[in-house]
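S.K.: What follows is the file run.txt, containing compact mmCIF, C-alpha atoms:
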```
# COMPACT_ATOMS: atom_id res chain seq x y z
CA MET B 120 -13.46 -154.56 9.47
CA ALA B 121 -15.54 -151.48 8.66
CA LYS B 122 -16.54 -149.30 11.55
CA LYS B 123 -20.11 -149.68 12.72
CA HIS B 124 -21.94 -146.41 12.26
CA ILE B 125 -24.03 -145.53 15.31
CA THR B 126 -27.31 -143.66 15.09
CA GLN B 127 -29.61 -143.69 18.12
CA CYS B 128 -32.20 -141.35 19.59
CA GLY B 129 -32.93 -141.01 23.28
CA MET B 130 -34.67 -138.51 25.53
CA PRO B 131 -32.69 -135.24 25.85
CA TYR B 132 -32.26 -134.22 29.49
CA PHE B 133 -29.58 -131.51 29.53
CA PRO B 134 -28.64 -129.59 26.38
CA GLY B 135 -25.26 -129.20 24.76
CA VAL B 136 -23.08 -131.20 22.39
CA ALA B 137 -20.09 -133.33 23.34
CA ARG B 138 -17.64 -135.62 21.57
CA GLY B 139 -15.86 -138.39 23.40
CA ILE B 140 -15.01 -142.06 23.67
CA LEU B 141 -17.81 -144.18 25.11
CA HIS B 142 -16.93 -145.56 28.53
CA LYS B 143 -19.29 -147.97 30.27
CA GLY B 144 -19.24 -147.37 34.02
CA LEU B 145 -17.42 -144.80 36.12
CA THR B 146 -14.18 -146.66 36.86
CA GLY B 147 -11.44 -145.43 34.56
CA ALA B 148 -13.56 -142.73 32.92
CA SER B 149 -11.95 -139.38 32.11
CA ARG B 150 -13.13 -135.85 31.48
CA ASN B 151 -13.10 -136.65 27.75
CA SER B 152 -15.37 -139.70 28.08
CA ILE B 153 -19.02 -140.11 27.19
CA VAL B 154 -19.99 -142.12 30.27
CA LEU B 155 -22.76 -144.70 30.10
CA ILE B 156 -24.19 -145.60 33.51
CA SER B 157 -27.40 -146.91 35.01
CA ALA B 158 -29.68 -144.84 37.22
CA SER B 159 -28.36 -146.61 40.33
CA GLU B 160 -24.79 -145.48 39.54
CA ILE B 161 -25.61 -141.76 39.43
CA LYS B 162 -25.06 -141.37 43.18
CA LEU B 163 -21.46 -142.57 42.68
CA VAL B 164 -20.57 -139.77 40.23
CA SER B 165 -17.91 -137.47 41.68
CA GLU B 166 -16.54 -135.56 38.67
CA SER B 167 -17.75 -134.43 35.29
CA PRO B 168 -17.06 -136.31 32.03
CA ALA B 169 -17.76 -134.86 28.59
CA GLY B 170 -21.34 -136.14 28.74
CA PHE B 171 -23.64 -138.73 30.28
CA LEU B 172 -25.78 -141.48 28.81
CA ILE B 173 -28.22 -142.82 31.42
CA ALA B 174 -29.77 -146.23 30.91
CA GLU B 175 -33.32 -146.57 32.26
CA GLY B 176 -33.25 -143.25 34.12
CA ALA B 177 -36.03 -141.50 36.02
CA PRO B 178 -35.94 -137.85 34.86
CA PHE B 179 -37.69 -136.33 37.88
CA SER B 180 -35.80 -138.34 40.52
CA HIS B 181 -33.66 -136.70 43.18
CA THR B 182 -30.60 -138.60 41.94
CA MET B 183 -31.09 -137.70 38.27
CA ILE B 184 -31.42 -134.03 39.17
CA THR B 185 -27.90 -134.07 40.65
CA LEU B 186 -26.52 -134.51 37.11
CA LEU B 187 -27.76 -131.02 36.21
CA GLY B 188 -25.04 -129.58 38.41
CA TYR B 189 -22.31 -130.87 36.09
CA GLY B 190 -23.50 -128.76 33.15
CA VAL B 191 -22.71 -131.36 30.47
CA PRO B 192 -25.01 -133.01 27.91
CA VAL B 193 -27.22 -135.78 29.31
CA VAL B 194 -29.38 -138.17 27.27
CA MET B 195 -31.56 -141.00 28.58
CA ILE B 196 -31.70 -144.29 26.69
CA SER B 197 -33.16 -147.77 27.12
CA GLU B 198 -31.23 -150.81 28.29
CA ALA B 199 -31.52 -152.28 24.78
CA GLN B 200 -29.94 -149.14 23.30
CA ALA B 201 -27.18 -149.27 25.91
CA ASN B 202 -26.40 -152.88 25.04
CA ASP B 203 -26.08 -151.93 21.37
CA LEU B 204 -23.34 -149.37 22.08
CA GLN B 205 -19.75 -150.62 21.96
CA GLU B 206 -17.29 -149.38 24.55
CA GLY B 207 -14.47 -147.40 22.98
CA SER B 208 -16.60 -145.99 20.18
CA MET B 209 -16.04 -142.33 19.38
CA LEU B 210 -19.46 -140.71 19.84
CA LEU B 211 -21.15 -137.40 19.33
CA LEU B 212 -23.79 -136.77 22.01
CA ASP B 213 -26.41 -134.11 21.30
CA GLY B 214 -28.30 -133.11 24.43
CA TYR B 215 -30.60 -130.82 22.44
CA SER B 216 -32.14 -133.50 20.26
CA GLY B 217 -31.25 -136.70 22.12
CA ARG B 218 -29.27 -138.00 19.15
CA ILE B 219 -26.27 -140.28 19.64
CA SER B 220 -24.10 -140.90 16.58
CA SER B 221 -20.63 -141.86 15.43
CA SER B 222 -18.46 -138.75 15.80
CA ASP B 223 -17.08 -138.96 12.27
CA GLN B 224 -20.63 -138.59 10.88
CA ASN B 225 -20.78 -135.02 12.23
CA LYS B 226 -17.17 -133.80 11.97
CA ASP B 227 -18.15 -130.23 11.18
CA LEU B 228 -20.72 -129.79 13.95
CA GLU B 229 -19.57 -126.91 16.12
CA ILE B 230 -19.78 -127.45 19.88
CA THR B 231 -21.13 -124.23 21.38
CA THR B 232 -23.13 -123.10 24.40
CA PRO B 233 -25.27 -119.95 24.71
CA PRO B 234 -23.55 -117.05 26.48
CA PRO B 235 -24.71 -116.22 30.03
CA HIS B 236 -27.50 -113.69 30.32
CA PRO B 237 -26.64 -110.45 32.18
CA ALA B 238 -27.22 -111.08 35.88
CA ALA B 239 -30.29 -109.64 37.63
CA GLN B 240 -31.93 -108.65 34.33
CA PRO B 241 -35.20 -110.15 33.10
CA VAL B 242 -35.11 -112.06 29.85
CA LEU B 243 -37.44 -110.70 27.17
CA THR B 244 -39.50 -112.74 24.73
CA ARG B 245 -39.33 -111.83 21.06
CA ASP B 246 -42.29 -109.50 21.60
CA GLY B 247 -40.86 -107.86 24.74
CA VAL B 248 -42.51 -109.73 27.64
CA ALA B 249 -40.26 -110.06 30.71
CA VAL B 250 -39.49 -113.54 32.09
CA ASN B 251 -37.60 -114.19 35.32
CA LEU B 252 -35.13 -117.07 35.27
CA CYS B 253 -34.02 -117.76 38.83
CA ALA B 254 -31.61 -120.36 40.20
CA SER B 255 -32.10 -123.25 42.59
CA VAL B 256 -28.86 -123.73 44.55
CA ARG B 257 -27.49 -125.84 47.39
CA ASN B 258 -24.25 -124.11 48.48
CA VAL B 259 -21.99 -121.09 47.98
CA GLU B 260 -20.36 -122.57 44.87
CA SER B 261 -23.65 -123.10 43.02
CA THR B 262 -24.72 -119.61 44.09
CA GLN B 263 -21.62 -118.15 42.44
CA LEU B 264 -22.42 -120.13 39.30
CA ALA B 265 -25.98 -118.77 39.35
CA VAL B 266 -24.64 -115.21 39.34
CA GLU B 267 -22.28 -116.04 36.47
CA MET B 268 -25.06 -117.67 34.42
CA GLY B 269 -27.34 -114.63 34.75
CA ALA B 270 -29.92 -115.59 37.37
CA GLN B 271 -32.41 -112.84 38.21
CA SER B 272 -32.53 -114.07 41.80
CA ILE B 273 -31.81 -117.12 43.91
CA GLY B 274 -35.25 -118.66 43.65
CA LEU B 275 -34.60 -121.47 46.09
CA VAL B 276 -31.75 -122.47 48.42
CA ARG B 277 -32.04 -126.19 49.24
CA THR B 278 -31.09 -125.79 52.88
CA GLU B 279 -31.36 -129.52 53.62
CA PHE B 280 -27.96 -129.78 51.89
CA LEU B 281 -26.37 -127.24 54.25
CA VAL B 282 -24.65 -129.60 56.68
CA PRO B 283 -21.44 -129.23 58.74
CA GLU B 284 -18.42 -131.17 57.48
CA ASP B 285 -18.65 -133.61 60.37
CA GLY B 286 -22.28 -134.39 59.49
CA GLY B 287 -23.50 -133.19 62.88
CA MET B 288 -26.64 -131.20 63.61
CA PRO B 289 -26.35 -127.67 62.21
CA SER B 290 -26.28 -124.95 64.89
CA SER B 291 -27.56 -121.41 64.57
CA ALA B 292 -23.94 -120.22 64.32
CA TYR B 293 -23.24 -122.65 61.46
CA TYR B 294 -26.35 -121.54 59.58
CA GLN B 295 -25.54 -117.87 60.12
CA ASN B 296 -22.10 -118.31 58.57
CA VAL B 297 -23.18 -120.34 55.55
CA CYS B 298 -26.40 -118.41 54.84
CA GLU B 299 -24.59 -115.08 55.04
CA ALA B 300 -21.92 -116.40 52.68
CA ILE B 301 -24.64 -117.34 50.19
CA CYS B 302 -26.25 -113.90 50.49
CA LYS B 303 -22.94 -112.08 50.02
CA THR B 304 -22.10 -114.22 46.99
CA ALA B 305 -25.53 -113.54 45.47
CA ALA B 306 -25.63 -109.80 46.24
CA PRO B 307 -27.46 -107.76 45.09
CA LEU B 308 -29.84 -110.59 44.17
CA THR B 309 -32.71 -111.59 46.45
CA VAL B 310 -32.17 -114.98 48.10
CA THR B 311 -35.06 -117.32 48.95
CA PHE B 312 -34.19 -119.86 51.63
CA ARG B 313 -36.44 -122.90 51.52
CA LEU B 314 -36.65 -124.30 55.03
CA PRO B 315 -35.38 -127.92 55.28
CA ASP B 316 -37.26 -130.15 52.86
CA LEU B 317 -36.22 -133.65 53.88
CA ALA B 318 -37.20 -136.63 51.75
CA GLU B 319 -36.08 -140.22 51.31
CA ASP B 320 -33.20 -139.49 48.93
CA LYS B 321 -31.95 -136.34 50.63
CA MET B 322 -31.57 -137.23 54.29
CA PRO B 323 -28.64 -135.62 56.18
CA ALA B 324 -26.36 -137.59 58.45
CA TRP B 325 -27.80 -135.93 61.56
CA MET B 326 -31.20 -137.53 60.90
CA SER B 327 -31.35 -140.90 62.66
CA LYS B 328 -32.43 -144.01 60.75
CA SER B 329 -35.50 -144.38 62.92
CA ASN B 330 -36.73 -141.03 61.61
CA ARG B 331 -35.97 -141.62 57.95
CA VAL B 332 -38.71 -140.98 55.42
CA SER B 333 -39.94 -144.17 53.79
CA SER B 334 -42.82 -143.10 51.58
CA THR B 335 -43.60 -140.36 49.08
CA LEU B 336 -46.94 -140.00 50.86
CA GLY B 337 -45.42 -140.10 54.34
CA LEU B 338 -43.51 -137.70 56.54
CA GLN B 339 -41.55 -135.15 54.51
CA GLY B 340 -41.05 -131.41 54.32
CA VAL B 341 -43.01 -129.40 56.88
CA ARG B 342 -44.66 -132.57 58.21
CA LEU B 343 -41.41 -133.33 60.04
CA TYR B 344 -41.28 -129.98 61.81
CA THR B 345 -43.36 -131.07 64.80
CA GLY B 346 -40.79 -133.61 66.01
CA GLU B 347 -37.13 -133.70 66.96
CA PRO B 348 -34.47 -133.32 65.76
CA VAL B 349 -35.97 -131.48 62.78
CA ARG B 350 -37.81 -128.91 64.90
CA SER B 351 -34.57 -127.81 66.58
CA VAL B 352 -32.75 -127.61 63.24
CA VAL B 353 -35.50 -125.46 61.70
CA THR B 354 -35.47 -123.21 64.78
CA ALA B 355 -31.70 -122.80 64.47
CA GLN B 356 -32.03 -121.93 60.81
CA LEU B 357 -34.72 -119.33 61.47
CA SER B 358 -32.60 -117.75 64.21
CA ALA B 359 -29.65 -117.47 61.83
CA ILE B 360 -31.69 -116.03 58.96
CA ASP B 361 -33.31 -113.54 61.31
CA ALA B 362 -29.86 -112.39 62.42
CA ILE B 363 -28.65 -111.66 58.88
CA SER B 364 -31.92 -110.42 57.36
CA GLU B 365 -31.26 -106.78 58.28
CA HIS B 366 -28.39 -106.61 55.79
CA HIS B 367 -29.58 -108.87 52.97
CA LYS B 368 -32.60 -109.28 50.68
CA ILE B 369 -34.06 -112.53 52.00
CA ARG B 370 -37.28 -114.50 51.59
CA LEU B 371 -38.40 -117.74 53.29
CA LEU B 372 -40.21 -120.68 51.70
CA ILE B 373 -42.18 -123.34 53.60
CA PRO B 374 -41.99 -126.77 51.89
CA TYR B 375 -44.70 -129.33 51.19
CA LEU B 376 -47.81 -127.55 52.40
CA VAL B 377 -51.15 -129.08 51.44
CA ARG B 378 -53.91 -127.14 53.21
CA LEU B 379 -54.60 -123.49 53.94
CA GLU B 380 -54.81 -124.30 57.66
CA GLU B 381 -51.23 -125.64 57.52
CA LEU B 382 -49.99 -122.49 55.82
CA ARG B 383 -51.61 -120.26 58.45
CA TYR B 384 -50.28 -122.32 61.34
CA TRP B 385 -46.69 -122.54 60.12
CA ARG B 386 -46.52 -118.92 59.02
CA GLY B 387 -47.61 -117.89 62.52
CA TRP B 388 -45.09 -120.27 64.11
CA ILE B 389 -42.27 -118.87 61.95
CA GLU B 390 -43.18 -115.23 62.56
CA GLU B 391 -43.04 -115.82 66.32
CA LYS B 392 -39.37 -116.71 65.91
CA LEU B 393 -38.46 -113.67 63.82
CA SER B 394 -37.67 -110.18 65.13
CA ARG B 395 -38.24 -108.46 61.79
CA THR B 396 -40.56 -108.89 58.83
CA ILE B 397 -39.40 -111.31 56.14
CA SER B 398 -41.39 -112.26 53.06
CA ILE B 399 -42.76 -115.79 53.56
CA GLY B 400 -43.87 -118.06 50.74
CA ALA B 401 -45.60 -121.42 50.48
CA MET B 402 -44.56 -124.39 48.38
CA ALA B 403 -47.45 -126.11 46.57
CA GLU B 404 -46.48 -129.64 45.53
CA THR B 405 -49.72 -131.62 45.48
CA PRO B 406 -53.00 -131.46 43.52
CA ALA B 407 -54.76 -130.40 46.72
CA SER B 408 -52.49 -127.40 47.18
CA VAL B 409 -52.67 -126.12 43.59
CA LEU B 410 -56.44 -126.59 43.51
CA ASP B 411 -56.71 -124.31 46.57
CA ILE B 412 -53.96 -121.91 45.53
CA ARG B 413 -56.34 -119.01 44.91
CA ASN B 414 -56.95 -118.84 48.68
CA TRP B 415 -53.30 -118.92 49.67
CA PHE B 416 -52.37 -115.37 48.73
CA ASP B 417 -54.08 -113.87 51.77
CA ASP B 418 -51.49 -115.68 53.89
CA ALA B 419 -48.52 -116.22 51.57
CA ASP B 420 -46.43 -113.44 50.03
CA PHE B 421 -45.61 -115.74 47.10
CA VAL B 422 -46.12 -119.36 46.06
CA ALA B 423 -43.62 -121.78 44.54
CA ILE B 424 -45.09 -124.74 42.66
CA GLY B 425 -42.82 -127.76 42.97
CA CYS B 426 -43.51 -129.50 39.66
CA ASN B 427 -41.49 -132.66 40.42
CA ASP B 428 -43.52 -133.61 43.49
CA LEU B 429 -46.73 -132.28 41.96
CA MET B 430 -46.32 -134.68 39.06
CA GLN B 431 -45.60 -137.69 41.23
CA CYS B 432 -48.71 -137.00 43.31
CA LEU B 433 -50.83 -136.26 40.25
CA PHE B 434 -49.80 -139.43 38.43
CA ALA B 435 -49.50 -141.60 41.57
CA ALA B 436 -45.97 -142.66 40.61
CA ASP B 437 -42.82 -142.47 42.73
CA ARG B 438 -40.48 -140.17 40.81
CA ASP B 439 -37.41 -142.00 42.11
CA ARG B 440 -38.37 -145.36 40.59
CA PRO B 441 -37.19 -145.71 36.96
CA GLU B 442 -39.75 -148.42 36.17
CA LEU B 443 -42.53 -145.85 36.79
CA ARG B 444 -41.02 -143.04 34.73
CA ASN B 445 -43.53 -143.33 31.89
CA TYR B 446 -46.34 -142.38 34.24
CA LEU B 447 -44.71 -139.01 35.03
CA ASP B 448 -45.46 -137.69 31.57
CA PRO B 449 -44.39 -134.05 31.03
CA TYR B 450 -46.41 -133.94 27.79
CA ALA B 451 -49.67 -135.28 29.22
CA PRO B 452 -52.42 -132.77 28.34
CA LEU B 453 -54.09 -133.25 31.72
CA LEU B 454 -50.95 -131.90 33.45
CA HIS B 455 -51.09 -128.73 31.42
CA ARG B 456 -54.82 -128.37 31.94
CA LEU B 457 -54.12 -128.45 35.68
CA LEU B 458 -51.41 -125.80 35.31
CA ASP B 459 -53.76 -123.73 33.13
CA ASP B 460 -56.54 -123.95 35.72
CA THR B 461 -54.01 -122.92 38.39
CA ALA B 462 -52.85 -119.90 36.40
CA GLN B 463 -56.45 -118.85 35.78
CA ALA B 464 -57.29 -119.27 39.47
CA VAL B 465 -54.50 -117.00 40.74
CA GLY B 466 -55.30 -114.28 38.19
CA GLU B 467 -53.25 -111.14 38.81
CA ASN B 468 -51.21 -113.01 41.42
CA ILE B 469 -49.54 -115.02 38.65
CA ASN B 470 -46.49 -112.76 39.06
CA LYS B 471 -46.17 -114.09 42.60
CA VAL B 472 -46.00 -117.69 41.37
CA GLN B 473 -42.68 -119.41 40.73
CA LEU B 474 -42.43 -122.76 38.93
CA CYS B 475 -39.66 -125.01 40.26
CA GLY B 476 -38.27 -128.34 39.07
CA VAL B 477 -37.18 -130.14 35.92
CA LEU B 478 -40.37 -129.61 33.89
CA SER B 479 -39.48 -126.26 32.30
CA GLN B 480 -36.14 -127.48 30.94
CA LEU B 481 -37.54 -130.40 28.92
CA PRO B 482 -37.83 -129.98 25.12
CA GLY B 483 -40.73 -127.79 24.04
CA ILE B 484 -42.09 -127.21 27.55
CA LEU B 485 -40.92 -123.67 28.42
CA PRO B 486 -42.80 -121.90 25.57
CA LEU B 487 -45.87 -123.90 26.56
CA LEU B 488 -45.60 -122.73 30.18
CA LEU B 489 -45.14 -119.15 28.99
CA GLY B 490 -48.29 -119.56 26.92
CA LEU B 491 -50.15 -120.68 30.04
CA GLY B 492 -49.16 -117.41 31.74
CA TYR B 493 -46.20 -118.33 33.95
CA ARG B 494 -43.34 -115.83 34.07
CA THR B 495 -40.98 -116.95 36.87
CA PHE B 496 -38.98 -120.18 36.92
CA SER B 497 -36.36 -121.54 39.32
CA VAL B 498 -33.96 -123.99 37.70
CA ASP B 499 -30.42 -125.32 37.99
CA ALA B 500 -27.93 -122.53 37.23
CA HIS B 501 -26.32 -124.38 34.31
CA ILE B 502 -29.59 -124.43 32.35
CA ILE B 503 -30.28 -120.66 32.56
CA PRO B 504 -28.44 -119.61 29.35
CA TYR B 505 -30.27 -122.31 27.36
CA LEU B 506 -33.67 -121.28 28.73
CA ALA B 507 -32.85 -117.62 28.14
CA LYS B 508 -32.25 -118.38 24.48
CA THR B 509 -35.57 -120.24 24.32
CA VAL B 510 -37.35 -117.24 25.83
CA THR B 511 -35.80 -114.77 23.40
CA ASP B 512 -36.84 -117.01 20.50
CA THR B 513 -40.46 -117.23 21.73
CA ASN B 514 -43.33 -115.08 20.50
CA LEU B 515 -45.92 -114.92 23.28
CA GLN B 516 -48.97 -114.96 21.01
CA ASP B 517 -47.69 -118.09 19.32
CA ALA B 518 -47.02 -119.62 22.73
CA GLU B 519 -50.55 -118.83 23.91
CA ASN B 520 -52.06 -120.40 20.80
CA MET B 521 -49.92 -123.50 21.34
CA ALA B 522 -50.96 -123.72 24.99
CA THR B 523 -54.64 -123.53 24.02
CA ALA B 524 -54.16 -126.38 21.55
CA VAL B 525 -52.27 -128.51 24.09
CA CYS B 526 -54.96 -128.08 26.73
CA ALA B 527 -57.59 -129.13 24.20
CA ALA B 528 -55.68 -132.31 23.31
CA LYS B 529 -56.70 -135.70 24.65
CA GLU B 530 -53.50 -137.72 24.32
CA THR B 531 -49.77 -137.18 24.59
CA ARG B 532 -49.16 -138.01 20.93
CA GLU B 533 -51.30 -135.00 19.98
CA VAL B 534 -49.21 -132.76 22.26
CA LEU B 535 -45.98 -133.99 20.68
CA GLU B 536 -47.40 -133.10 17.25
CA ILE B 537 -48.41 -129.62 18.44
CA LEU B 538 -44.96 -129.02 19.94
CA GLN B 539 -43.36 -130.48 16.79
CA LEU B 540 -41.39 -133.00 18.82
CA PRO B 541 -40.43 -136.44 17.51
CA ASN B 542 -41.81 -139.45 19.36
CA TYR B 543 -38.39 -140.52 20.57
CA GLN B 544 -38.31 -137.50 22.88
CA HIS B 545 -41.23 -138.92 24.81
CA LEU B 546 -40.59 -141.08 27.87
CA SER B 547 -42.38 -144.11 26.45
CA SER B 548 -39.84 -144.29 23.64
CA ILE B 549 -37.10 -145.43 26.02
CA THR B 550 -39.06 -148.22 27.63
CA GLY B 551 -37.09 -151.42 27.48
```
Would you give me this structure, written as structure tokens?
M.R.:
Amino acid sequence: MAKKHITQCGMPYFPGVARGILHKGLTGASRNSIVLISASEIKLVSESPAGFLIAEGAPFSHTMITLLGYGVPVVMISEAQANDLQEGSMLLLDGYSGRISSSDQNKDLEITTPPPHPAAQPVLTRDGVAVNLCASVRNVESTQLAVEMGAQSIGLVRTEFLVPEDGGMPSSAYYQNVCEAICKTAAPLTVTFRLPDLAEDKMPAWMSKSNRVSSTLGLQGVRLYTGEPVRSVVTAQLSAIDAISEHHKIRLLIPYLVRLEELRYWRGWIEEKLSRTISIGAMAETPASVLDIRNWFDDADFVAIGCNDLMQCLFAADRDRPELRNYLDPYAPLLHRLLDDTAQAVGENINKVQLCGVLSQLPGILPLLLGLGYRTFSVDAHIIPYLAKTVTDTNLQDAENMATAVCAAKETREVLEILQLPNYQHLSSITG
């Protein structure tokens, strides 16, 4: 019987090219497998295969984001596409384009990755404009990777993942040891510690079930700081960071602020617990916060825009639910009009704005964001060499013209045409 030639197109999520035998499920998979799993199985992943195919995934979900840490190609497909793939097939997975094909159809395709950018050095566009690619990390190991991949700084340490091995409440001594280890590993880079940002899918063992977050519009981030045990944990973390700040370049970031009054209150509360001056930033993750961002720079030394949460609030769709993924549209012109209005509102303070989250790594998006005026991005360390190559290939004037056209568009299909992206790279193309 003749081999069935496979040609599919999904949504690219992490770049790179891999060859391997298709394995459905995690049990029995090897490092040479192209693993096909559902979104619910992602949390069970413990080691890296050659690449991932995710059926019915949610690209901005907390669980999907964990796959970035493996640094292998990831493509999202529909359930119908998954059912059409035969286990044991030799596949070529292209995380740049989203193409899935029989390996023997592309025998001569070279599997390469961009070299790391020199650490601590800005990346320059084709016309010489500096762009800062920073890393979002969660431990010492990912910090070391960030240095190796060429991060200009540690843009965000996810301190909610810093937990003792026994799962108990972190003490000031624990935080001092682990935070200093991160700073020493990153040196001489600046390290930004985001204070604990607890949410439904990233709850540590020390948080009791009665306190667990149950809604994207409920208690999360700084909203939990008024009650125990979170207040004591944040206090312990601040004490530890204060103790090591004399010898390291450190910044602090307050998560999930919505109103200027909140920013002023929590900055004052934090400063009361510090013995020396540390740069303090605010995280804007809702439409309310970005609409008021022009007023935040009197009280914040910098602002980080959390694009994942911003999008779920803007589109009123839980980013962790795959069935709602089409609502969180990274190519929607209204999203980029909001980001354009935000950039215009902050004016000269745009250099104090850092974009965080998955948005900038999706196909065609980074040049668009550069065209809107953004210059600093915090991403998973593995993606930095790929984004650096995109930056060096980008002419800023062309990017600005493209951004103007995108903001003038009315529908996503127009944006895809402007960005010269095929329809299959849009989320709606993988709807079952």
S.K.: Report, in Å with one decimal, the straight-line distance from CA of Ser255 (chain B) to CA of Leu275 (chain B).
M.R.: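 One can read the CA of Ser255 (chain B) to CA of Leu275 (chain B) distance as 4.7 Å.
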S.K.: I'd like the neighbourhood of Thr146 (chain B) as number ranges by chain, where a residue qualifies if any of its atoms comes within 12 Å (using all atoms listed in the file), though same-chain residues fewer than 2 positions away should be ignored.
M.R.: B: 142-144, 148-149, 152, 154-156, 160, 163-166, 168
S.K.: At a cut-off of 9 Å, using all atoms listed in the file, what residues contact Leu453 (chain B)? Leave out same-chain residues fewer than 6 positions from it and give the result as a PyMOL selection string.
M.R.: chain B and resi 526+528-530
S.K.: So which one's closest to Gln127 (chain B), B:Ser197, B:Val191, B:Ser167, B:Ala270? Using all atoms listed in the file, please.
M.R.: B:Ser197
S.K.: Please provide as a list in words all residues within 10 Å of region 240-243 of chain B, with the sequence filter that same-chain residues fewer than 6 positions apart are discarded (counting only C-alpha atoms).
M.R.: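 The residues that qualify are Ala249, Val250, Asn251, Leu252, Cys253, Gly269, Ala270, Gln271, Ser272, Arg494, Thr495, Leu506, Ala507, Lys508, Thr509, Val510, Thr511, Asp512, Thr513 and Asn514 of chain B.
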S.K.: Could you write out the selected residues, including C-alpha atoms, as a JSON list (two decimals), in the frame of the given file?
M.R.:
```
[["chain", "number", "residue", "atom", "x", "y", "z"],
["B", 249, "ALA", "CA", -40.26, -110.06, 30.71],
["B", 250, "VAL", "CA", -39.49, -113.54, 32.09],
["B", 251, "ASN", "CA", -37.60, -114.19, 35.32],
["B", 252, "LEU", "CA", -35.13, -117.07, 35.27],
["B", 253, "CYS", "CA", -34.02, -117.76, 38.83],
["B", 269, "GLY", "CA", -27.34, -114.63, 34.75],
["B", 270, "ALA", "CA", -29.92, -115.59, 37.37],
["B", 271, "GLN", "CA", -32.41, -112.84, 38.21],
["B", 272, "SER", "CA", -32.53, -114.07, 41.80],
["B", 494, "ARG", "CA", -43.34, -115.83, 34.07],
["B", 495, "THR", "CA", -40.98, -116.95, 36.87],
["B", 506, "LEU", "CA", -33.67, -121.28, 28.73],
["B", 507, "ALA", "CA", -32.85, -117.62, 28.14],
["B", 508, "LYS", "CA", -32.25, -118.38, 24.48],
["B", 509, "THR", "CA", -35.57, -120.24, 24.32],
["B", 510, "VAL", "CA", -37.35, -117.24, 25.83],
["B", 511, "THR", "CA", -35.80, -114.77, 23.40],
["B", 512, "ASP", "CA", -36.84, -117.01, 20.50],
["B", 513, "THR", "CA", -40.46, -117.23, 21.73],
["B", 514, "ASN", "CA", -43.33, -115.08, 20.50]]
```
S.K.: Measuring between all atoms listed in the file, which one of B:Gly476, B:Gly483, B:Pro235, B:Gly492 shows the shortest distance to Ile184 (chain B)?
M.R.: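 Ranking B:Gly476, B:Gly483, B:Pro235, B:Gly492 by distance to Ile184 (chain B), first place goes to B:Gly476.
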S.K.: Choose the residue, out of B:Ser479, B:Ser327, B:Thr185, B:Ser159, that has the smallest atom-to-atom separation from Gly286 (chain B); count only C-alpha atoms.
M.R.: B:Ser327
S.K.: Need to verify the contact set: Thr304 (chain B), 8 Å, only C-alpha atoms, exclusion of same-chain residues closer than 2 positions in sequence. Can you return it as a list in words?
M.R.: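 Here the qualifying residues turn out to be Val259, Thr262, Gln263, Ala300, Ile301, Cys302 and Ala306 of chain B.
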S.K.: Generate a file of the selected residues that holds C-alpha atoms, formatted as a compact mmCIF listing (two decimals), in the coordinates of the input.
M.R.:
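part_2.txt written:
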```txt
# COMPACT_ATOMS: atom_id res chain seq x y z
CA VAL B 259 -21.99 -121.09 47.98
CA THR B 262 -24.72 -119.61 44.09
CA GLN B 263 -21.62 -118.15 42.44
CA ALA B 300 -21.92 -116.40 52.68
CA ILE B 301 -24.64 -117.34 50.19
CA CYS B 302 -26.25 -113.90 50.49
CA ALA B 306 -25.63 -109.80 46.24
```
S.K.: From the set B:Arg245, B:Arg350, B:Arg218, B:Arg438, which residue has the shortest atom-to-atom contact distance to Tyr132 (chain B), counting only C-alpha atoms?
M.R.: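 Closest to Tyr132 (chain B), using only C-alpha atoms: B:Arg218.
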S.K.: Between B:Gly147, B:Pro237, B:Val349, B:Lys368, which one has atoms that come closest to Pro307 (chain B), using only C-alpha atoms?
M.R.: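 Ranking B:Gly147, B:Pro237, B:Val349, B:Lys368 by distance to Pro307 (chain B), first place goes to B:Lys368.
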S.K.: Hey, what's within 8 Å of region 203-216 of chain B if we count only C-alpha atoms and toss same-chain stuff fewer than 4 positions away? As a list in words, please?
M.R.: Ile125, Cys128, Met130, Pro131, Tyr132, Phe133, Pro134, Gly135, Val136, Ala137, Arg138, Gly139, Ile140, Leu141, His142, Lys143, Ile153, Gly170, Pro192, Val193, Val194, Ala199, Ser220, Ser221, Ser222, Asp223, Asn225, Pro482 and Gln544 of chain B
S.K.: Looking at all atoms listed in the file, which of B:Ala177, B:Ala305, B:Ile412, B:Pro406 is the one that sits closest to Ala435 (chain B)?
M.R.: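 Between B:Ala177, B:Ala305, B:Ile412, B:Pro406, the residue approaching Ala435 (chain B) most closely is B:Pro406.
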S.K.: Around all the atoms of region 382-401 of chain B listed in the file, with 8 Å of room on each side, what axis-aligned box do you get, giving centre and edge lengths in Å to one decimal, as lines of an AutoDock Vina configuration file?
M.R.:
```
center_x = -44.6
center_y = -115.5
center_z = 58.4
size_x = 29.9
size_y = 30.1
size_z = 31.8
```
S.K.: In file coordinates, which residues lie within 12 Å of (-27.3, -121.4, 60.5) using only C-alpha atoms, given as a VMD selection string?
M.R.: chain B and resid 278 to 279 281 to 283 288 to 301 312 314 to 315 351 to 363
S.K.: Scan for residues within 9 Å of the point (-42.3, -125.1, 42.5) in the coordinates of the file, using all atoms listed in the file, and reply as a ChimeraX atom specification.
M.R.: /B:402-404,422-429,472-476,496-497
S.K.: Mind giving me the straight-line distance from CA of Glu519 (chain B) to CA of Leu187 (chain B) in Å, one decimal?
M.R.: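 A separation of 28.6 Å between them.
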